[in-house]
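A short write-up of the structure that comes next.
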Amino acid sequence: ETGVTQTPRHLVMGMTNKKSLKCEQHLGHNAMYWYKQSAKKPLELMFVYNFKEQTENNSVPSRFSPECPNSSHLFLHLHTLQPEDSALYLCASSQTIDSTDTQYFGPGTRLTVL
Amino acid sequence: AQSVSQHNHHVILSEAASLELGCNYSYGGTVNLFWYVQYPGQHLQLLLKYFSGDPLVKGIKGFEAEFIKSKFSFNLRKPSVQWSDTAEYFCAVNAGGSSASKIIFGSGTRLSIRP
């Protein structure tokens with residue numbers, strides 16, 4: 001256990017559904033991240049939040065909508081996804097947003113879009 | 001554009017063999033370098049990192065990595081692997097300075113250790 005939890009662990013959804021992924025960190029960190037891990041591709045950083053404020057959106061399509069109500073919780077709202085969005089979505093947190101800080105990862109949500 | 005290459009996609013070794021996993025990056029400025037490991041069924045976790053000082057970095061479980069600036073490399077090494085080192089290893093480079101938003105991961109190397 002790294003102190004970062006993600007729910008659900010597995011999710012199957014149709015292209016017209018709306019669902020949300022949840023991440024919670026119990027480490028007292030101030031920065032949180034969403035990553036996408038597709039088969040045979042490198043881990044891709046999607047969003048970065050620092051003290052609840054979004055600081056980075058790496059050209060992610062608008063069908064992915066992040067929300068960070070406080071420094072401990074991070075959501076990824078999903079709507080009208082495509083089959084190519086099927087992947088493992090990882091959440092991470094770090095003490096600060098500094099590039100030297102270690103990131104602590106959650107177990108991920110395995111998403112399948114039908 | 002910044003990139004990270006891990007040339008070995010799958011490495012198979014016997015126990016007690018020595019290990020070296022390659023990591024090369026393309027960026028001319030100051031970088032912070034990381035190796036993360038994902039054991040079967042577990043979370044991605046940090047093995048070691050370098051951001052300044054001695055270019056030979058020691059991490060957990062007997063792993064070390066050497067930053068060679070002239071070669072843009074940060075290879076991971078272990079003198080004698082164990083079966084429990086079976087995992088996927090990811091190199092990551094962050095050229096973001098005060099921001100973690102420029103982190104780039106390699107595609108990973110799967111290490112299989114024969115008992």
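FYI, nothing fancy with the structure tokens labels: chains A, B, ... in order, residues from 1 per chain, ligands from 1 as they appear.
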(Q) With only C-alpha atoms as the counted atoms, please give the residues lying no more than 6 Å from segment 61-68 of chain A, apart from itself and same-chain residues fewer than 2 positions off, as a PyMOL selection string. (A) chain A and resi 52+70+73-79
Which residues of chain B come within 12 Å of chain A, and for each one, what is the closest pair of atoms and their distance in Å to one decimal, counting only C-alpha atoms, sorted by chain and residue number, as a Markdown table?
```
| residue | atom | partner | partner_atom | distance |
| --- | --- | --- | --- | --- |
| B:Ser3 | CA | A:Pro42 | CA | 10.3 |
| B:Val4 | CA | A:Pro42 | CA | 9.2 |
| B:Ser5 | CA | A:Pro42 | CA | 9.7 |
| B:Gln6 | CA | A:Pro42 | CA | 10.0 |
| B:His9 | CA | A:Lys40 | CA | 9.6 |
| B:His10 | CA | A:Lys40 | CA | 11.9 |
| B:Thr30 | CA | A:Ser99 | CA | 11.0 |
| B:Val31 | CA | A:Ser99 | CA | 8.8 |
| B:Asn32 | CA | A:Thr100 | CA | 6.1 |
| B:Leu33 | CA | A:Thr100 | CA | 8.3 |
| B:Phe34 | CA | A:Thr102 | CA | 8.5 |
| B:Trp35 | CA | A:Thr102 | CA | 10.4 |
| B:Tyr36 | CA | A:Gln103 | CA | 9.6 |
| B:Val37 | CA | A:Phe105 | CA | 10.9 |
| B:Gln38 | CA | A:Pro107 | CA | 10.1 |
| B:Tyr39 | CA | A:Pro107 | CA | 11.4 |
| B:Pro40 | CA | A:Pro107 | CA | 11.3 |
| B:Gly41 | CA | A:Pro107 | CA | 8.5 |
| B:Gln42 | CA | A:Pro107 | CA | 6.9 |
| B:His43 | CA | A:Pro107 | CA | 5.0 |
| B:Leu44 | CA | A:Phe105 | CA | 5.8 |
| B:Gln45 | CA | A:Tyr104 | CA | 6.6 |
| B:Leu46 | CA | A:Thr102 | CA | 7.1 |
| B:Leu47 | CA | A:Thr102 | CA | 10.0 |
| B:Leu48 | CA | A:Thr102 | CA | 9.2 |
| B:Lys49 | CA | A:Thr102 | CA | 8.2 |
| B:Tyr50 | CA | A:Thr100 | CA | 8.1 |
| B:Phe51 | CA | A:Thr100 | CA | 6.4 |
| B:Ser52 | CA | A:Thr100 | CA | 9.6 |
| B:Tyr89 | CA | A:Pro42 | CA | 11.5 |
| B:Phe90 | CA | A:Pro42 | CA | 8.8 |
| B:Cys91 | CA | A:Pro42 | CA | 9.9 |
| B:Ala92 | CA | A:Leu43 | CA | 9.4 |
| B:Val93 | CA | A:Ser99 | CA | 9.3 |
| B:Asn94 | CA | A:Ser99 | CA | 6.1 |
| B:Ala95 | CA | A:Ser99 | CA | 7.4 |
| B:Gly96 | CA | A:Ser99 | CA | 5.7 |
| B:Gly97 | CA | A:Ser99 | CA | 5.7 |
| B:Ser98 | CA | A:Asp98 | CA | 4.6 |
| B:Ser99 | CA | A:Asp98 | CA | 4.7 |
| B:Ala100 | CA | A:Ser99 | CA | 4.1 |
| B:Ser101 | CA | A:Glu56 | CA | 6.4 |
| B:Lys102 | CA | A:Ser99 | CA | 7.9 |
| B:Ile103 | CA | A:Leu45 | CA | 7.4 |
| B:Ile104 | CA | A:Glu44 | CA | 7.3 |
| B:Phe105 | CA | A:Leu43 | CA | 5.7 |
| B:Gly106 | CA | A:Pro42 | CA | 5.4 |
| B:Ser107 | CA | A:Pro42 | CA | 4.0 |
| B:Gly108 | CA | A:Pro42 | CA | 7.1 |
| B:Thr109 | CA | A:Lys40 | CA | 10.6 |
| B:Arg110 | CA | A:Lys40 | CA | 11.3 |
```
Q. Tell me, which residues of segment 48-111 of chain B carry DSSP strand (DSSP E or B), written as a PyMOL selection string?
A. chain B and resi 48-50+56-58+64-68+73-78+87-94+103-105+109-111
Serialized selection, N, CA and C atoms, as a PDB file, in the first residue's frame:
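Writing done, so here's part38.pdb:
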```
ATOM      1  N   LEU B  48      14.730   4.444  -7.294  1.00  0.00           N
ATOM      2  CA  LEU B  48      15.768   5.425  -7.010  1.00  0.00           C
ATOM      3  C   LEU B  48      15.561   6.644  -7.898  1.00  0.00           C
ATOM      4  N   LYS B  49      16.262   7.723  -7.529  1.00  0.00           N
ATOM      5  CA  LYS B  49      16.172   8.931  -8.343  1.00  0.00           C
ATOM      6  C   LYS B  49      17.473   9.725  -8.253  1.00  0.00           C
ATOM      7  N   TYR B  50      17.685  10.524  -9.273  1.00  0.00           N
ATOM      8  CA  TYR B  50      18.842  11.408  -9.302  1.00  0.00           C
ATOM      9  C   TYR B  50      18.379  12.813  -9.676  1.00  0.00           C
ATOM     10  N   LEU B  56      26.311   8.428  -9.343  1.00  0.00           N
ATOM     11  CA  LEU B  56      25.999   7.032  -9.036  1.00  0.00           C
ATOM     12  C   LEU B  56      25.027   7.020  -7.865  1.00  0.00           C
ATOM     13  N   VAL B  57      23.822   6.580  -8.134  1.00  0.00           N
ATOM     14  CA  VAL B  57      22.746   6.644  -7.149  1.00  0.00           C
ATOM     15  C   VAL B  57      22.407   5.238  -6.676  1.00  0.00           C
ATOM     16  N   LYS B  58      22.268   5.103  -5.395  1.00  0.00           N
ATOM     17  CA  LYS B  58      21.870   3.794  -4.853  1.00  0.00           C
ATOM     18  C   LYS B  58      20.413   3.840  -4.417  1.00  0.00           C
ATOM     19  N   GLU B  64      21.186   0.164  -8.284  1.00  0.00           N
ATOM     20  CA  GLU B  64      21.870   1.425  -8.437  1.00  0.00           C
ATOM     21  C   GLU B  64      21.733   1.877  -9.889  1.00  0.00           C
ATOM     22  N   ALA B  65      21.968   3.153 -10.105  1.00  0.00           N
ATOM     23  CA  ALA B  65      21.915   3.685 -11.462  1.00  0.00           C
ATOM     24  C   ALA B  65      22.976   4.753 -11.595  1.00  0.00           C
ATOM     25  N   GLU B  66      23.499   4.879 -12.795  1.00  0.00           N
ATOM     26  CA  GLU B  66      24.539   5.864 -13.043  1.00  0.00           C
ATOM     27  C   GLU B  66      24.079   6.842 -14.110  1.00  0.00           C
ATOM     28  N   PHE B  67      24.148   8.115 -13.762  1.00  0.00           N
ATOM     29  CA  PHE B  67      23.815   9.180 -14.694  1.00  0.00           C
ATOM     30  C   PHE B  67      25.074   9.540 -15.452  1.00  0.00           C
ATOM     31  N   ILE B  68      25.054   9.370 -16.766  1.00  0.00           N
ATOM     32  CA  ILE B  68      26.169   9.765 -17.615  1.00  0.00           C
ATOM     33  C   ILE B  68      25.646  10.857 -18.534  1.00  0.00           C
ATOM     34  N   SER B  73      22.299   9.124 -20.549  1.00  0.00           N
ATOM     35  CA  SER B  73      21.853   7.800 -20.104  1.00  0.00           C
ATOM     36  C   SER B  73      21.708   7.744 -18.593  1.00  0.00           C
ATOM     37  N   PHE B  74      20.881   6.836 -18.150  1.00  0.00           N
ATOM     38  CA  PHE B  74      20.638   6.602 -16.716  1.00  0.00           C
ATOM     39  C   PHE B  74      20.304   5.128 -16.565  1.00  0.00           C
ATOM     40  N   ASN B  75      21.314   4.281 -16.761  1.00  0.00           N
ATOM     41  CA  ASN B  75      21.108   2.834 -16.759  1.00  0.00           C
ATOM     42  C   ASN B  75      20.973   2.287 -15.348  1.00  0.00           C
ATOM     43  N   LEU B  76      20.113   1.324 -15.217  1.00  0.00           N
ATOM     44  CA  LEU B  76      19.856   0.675 -13.930  1.00  0.00           C
ATOM     45  C   LEU B  76      20.675  -0.600 -13.835  1.00  0.00           C
ATOM     46  N   ARG B  77      21.269  -0.848 -12.673  1.00  0.00           N
ATOM     47  CA  ARG B  77      22.110  -2.034 -12.510  1.00  0.00           C
ATOM     48  C   ARG B  77      21.850  -2.724 -11.181  1.00  0.00           C
ATOM     49  N   LYS B  78      22.122  -4.030 -11.210  1.00  0.00           N
ATOM     50  CA  LYS B  78      22.122  -4.800  -9.962  1.00  0.00           C
ATOM     51  C   LYS B  78      23.111  -5.934 -10.174  1.00  0.00           C
ATOM     52  N   ALA B  87       9.673  -8.141 -12.406  1.00  0.00           N
ATOM     53  CA  ALA B  87       8.828  -6.947 -12.352  1.00  0.00           C
ATOM     54  C   ALA B  87       8.956  -6.200 -13.672  1.00  0.00           C
ATOM     55  N   GLU B  88       8.214  -5.103 -13.760  1.00  0.00           N
ATOM     56  CA  GLU B  88       8.398  -4.203 -14.890  1.00  0.00           C
ATOM     57  C   GLU B  88       9.066  -2.934 -14.383  1.00  0.00           C
ATOM     58  N   TYR B  89      10.061  -2.465 -15.115  1.00  0.00           N
ATOM     59  CA  TYR B  89      10.883  -1.334 -14.688  1.00  0.00           C
ATOM     60  C   TYR B  89      10.695  -0.176 -15.650  1.00  0.00           C
ATOM     61  N   PHE B  90      10.432   0.992 -15.089  1.00  0.00           N
ATOM     62  CA  PHE B  90      10.176   2.184 -15.897  1.00  0.00           C
ATOM     63  C   PHE B  90      11.185   3.276 -15.557  1.00  0.00           C
ATOM     64  N   CYS B  91      11.792   3.809 -16.591  1.00  0.00           N
ATOM     65  CA  CYS B  91      12.654   4.969 -16.450  1.00  0.00           C
ATOM     66  C   CYS B  91      11.806   6.219 -16.706  1.00  0.00           C
ATOM     67  N   ALA B  92      12.065   7.284 -15.981  1.00  0.00           N
ATOM     68  CA  ALA B  92      11.321   8.527 -16.190  1.00  0.00           C
ATOM     69  C   ALA B  92      12.264   9.712 -16.095  1.00  0.00           C
ATOM     70  N   VAL B  93      11.977  10.708 -16.890  1.00  0.00           N
ATOM     71  CA  VAL B  93      12.809  11.903 -16.936  1.00  0.00           C
ATOM     72  C   VAL B  93      11.904  13.111 -16.765  1.00  0.00           C
ATOM     73  N   ASN B  94      12.332  14.031 -15.927  1.00  0.00           N
ATOM     74  CA  ASN B  94      11.556  15.234 -15.715  1.00  0.00           C
ATOM     75  C   ASN B  94      12.459  16.443 -15.918  1.00  0.00           C
ATOM     76  N   ILE B 103       7.186  15.477 -16.807  1.00  0.00           N
ATOM     77  CA  ILE B 103       7.709  14.121 -16.626  1.00  0.00           C
ATOM     78  C   ILE B 103       7.320  13.249 -17.818  1.00  0.00           C
ATOM     79  N   ILE B 104       8.288  12.505 -18.314  1.00  0.00           N
ATOM     80  CA  ILE B 104       8.085  11.584 -19.430  1.00  0.00           C
ATOM     81  C   ILE B 104       8.572  10.210 -18.983  1.00  0.00           C
ATOM     82  N   PHE B 105       7.757   9.188 -19.228  1.00  0.00           N
ATOM     83  CA  PHE B 105       8.128   7.831 -18.876  1.00  0.00           C
ATOM     84  C   PHE B 105       8.569   7.064 -20.115  1.00  0.00           C
ATOM     85  N   THR B 109      10.561  -1.941 -19.203  1.00  0.00           N
ATOM     86  CA  THR B 109      11.267  -3.189 -19.496  1.00  0.00           C
ATOM     87  C   THR B 109      10.741  -4.249 -18.547  1.00  0.00           C
ATOM     88  N   ARG B 110      10.276  -5.338 -19.129  1.00  0.00           N
ATOM     89  CA  ARG B 110       9.794  -6.439 -18.290  1.00  0.00           C
ATOM     90  C   ARG B 110      10.980  -7.353 -17.985  1.00  0.00           C
ATOM     91  N   LEU B 111      11.225  -7.573 -16.715  1.00  0.00           N
ATOM     92  CA  LEU B 111      12.323  -8.439 -16.284  1.00  0.00           C
ATOM     93  C   LEU B 111      11.751  -9.735 -15.725  1.00  0.00           C
TER      94      LEU B 111
END
```
Where in chain B does DSSP assign helix (DSSP H, G or I), given as an mmCIF file with N, CA and C atoms, in the first residue's frame?
```cif
data_model
loop_
_atom_site.group_PDB
_atom_site.id
_atom_site.type_symbol
_atom_site.label_atom_id
_atom_site.label_comp_id
_atom_site.auth_asym_id
_atom_site.auth_seq_id
_atom_site.Cartn_x
_atom_site.Cartn_y
_atom_site.Cartn_z
ATOM 1 N N ILE B 60 16.713 1.196 -3.457
ATOM 2 C CA ILE B 60 16.297 0.095 -2.605
ATOM 3 C C ILE B 60 16.649 -1.242 -3.237
ATOM 4 N N LYS B 61 16.695 -2.275 -2.410
ATOM 5 C CA LYS B 61 16.853 -3.663 -2.854
ATOM 6 C C LYS B 61 18.125 -3.898 -3.664
ATOM 7 N N GLY B 62 19.174 -3.142 -3.394
ATOM 8 C CA GLY B 62 20.463 -3.374 -4.031
ATOM 9 C C GLY B 62 20.610 -2.803 -5.432
ATOM 10 N N LYS B 69 25.958 12.076 -18.179
ATOM 11 C CA LYS B 69 25.384 13.228 -18.884
ATOM 12 C C LYS B 69 25.778 13.235 -20.360
ATOM 13 N N SER B 70 27.034 12.880 -20.636
ATOM 14 C CA SER B 70 27.529 12.940 -22.014
ATOM 15 C C SER B 70 26.843 11.923 -22.911
ATOM 16 N N LYS B 71 26.307 10.877 -22.303
ATOM 17 C CA LYS B 71 25.622 9.843 -23.070
ATOM 18 C C LYS B 71 24.105 9.940 -22.940
ATOM 19 N N TRP B 83 14.962 -13.937 -7.798
ATOM 20 C CA TRP B 83 13.681 -14.237 -8.418
ATOM 21 C C TRP B 83 12.667 -13.140 -8.093
ATOM 22 N N SER B 84 12.766 -12.567 -6.892
ATOM 23 C CA SER B 84 11.823 -11.527 -6.460
ATOM 24 C C SER B 84 11.997 -10.210 -7.212
ATOM 25 N N ASP B 85 13.015 -10.109 -8.045
ATOM 26 C CA ASP B 85 13.186 -8.897 -8.860
ATOM 27 C C ASP B 85 12.346 -8.940 -10.128
ATOM 28 N N ALA B 100 6.494 19.361 -11.871
ATOM 29 C CA ALA B 100 6.523 17.951 -12.251
ATOM 30 C C ALA B 100 5.769 17.699 -13.533
ATOM 31 N N SER B 101 5.327 18.751 -14.181
ATOM 32 C CA SER B 101 4.420 18.558 -15.303
ATOM 33 C C SER B 101 5.120 18.129 -16.575
ATOM 34 N N LYS B 102 6.452 18.086 -16.557
ATOM 35 C CA LYS B 102 7.180 17.697 -17.763
ATOM 36 C C LYS B 102 7.735 16.287 -17.655
#
```
Exercise: Ser80 of chain B partners within 6 Å, only C-alpha atoms, chain neighbours under 2 positions left out, as an mmCIF file with C-alpha atoms, in the first residue's frame:
```
data_model
loop_
_atom_site.group_PDB
_atom_site.id
_atom_site.type_symbol
_atom_site.label_atom_id
_atom_site.label_comp_id
_atom_site.auth_asym_id
_atom_site.auth_seq_id
_atom_site.Cartn_x
_atom_site.Cartn_y
_atom_site.Cartn_z
ATOM 1 C CA ALA B 16 22.511 -14.438 -9.538
ATOM 2 C CA ALA B 17 23.118 -12.969 -12.990
ATOM 3 C CA SER B 18 24.055 -9.317 -13.257
ATOM 4 C CA LYS B 78 22.122 -4.800 -9.962
#
```
Q) So which residues touch Thr80 of chain A within 8 Å, counting only C-alpha atoms, skipping near sequence neighbours fewer than 2 positions away, as a list in words? A) Met15, Thr16, Asn17, Lys18, Arg63, Leu78 and Gln82 of chain A
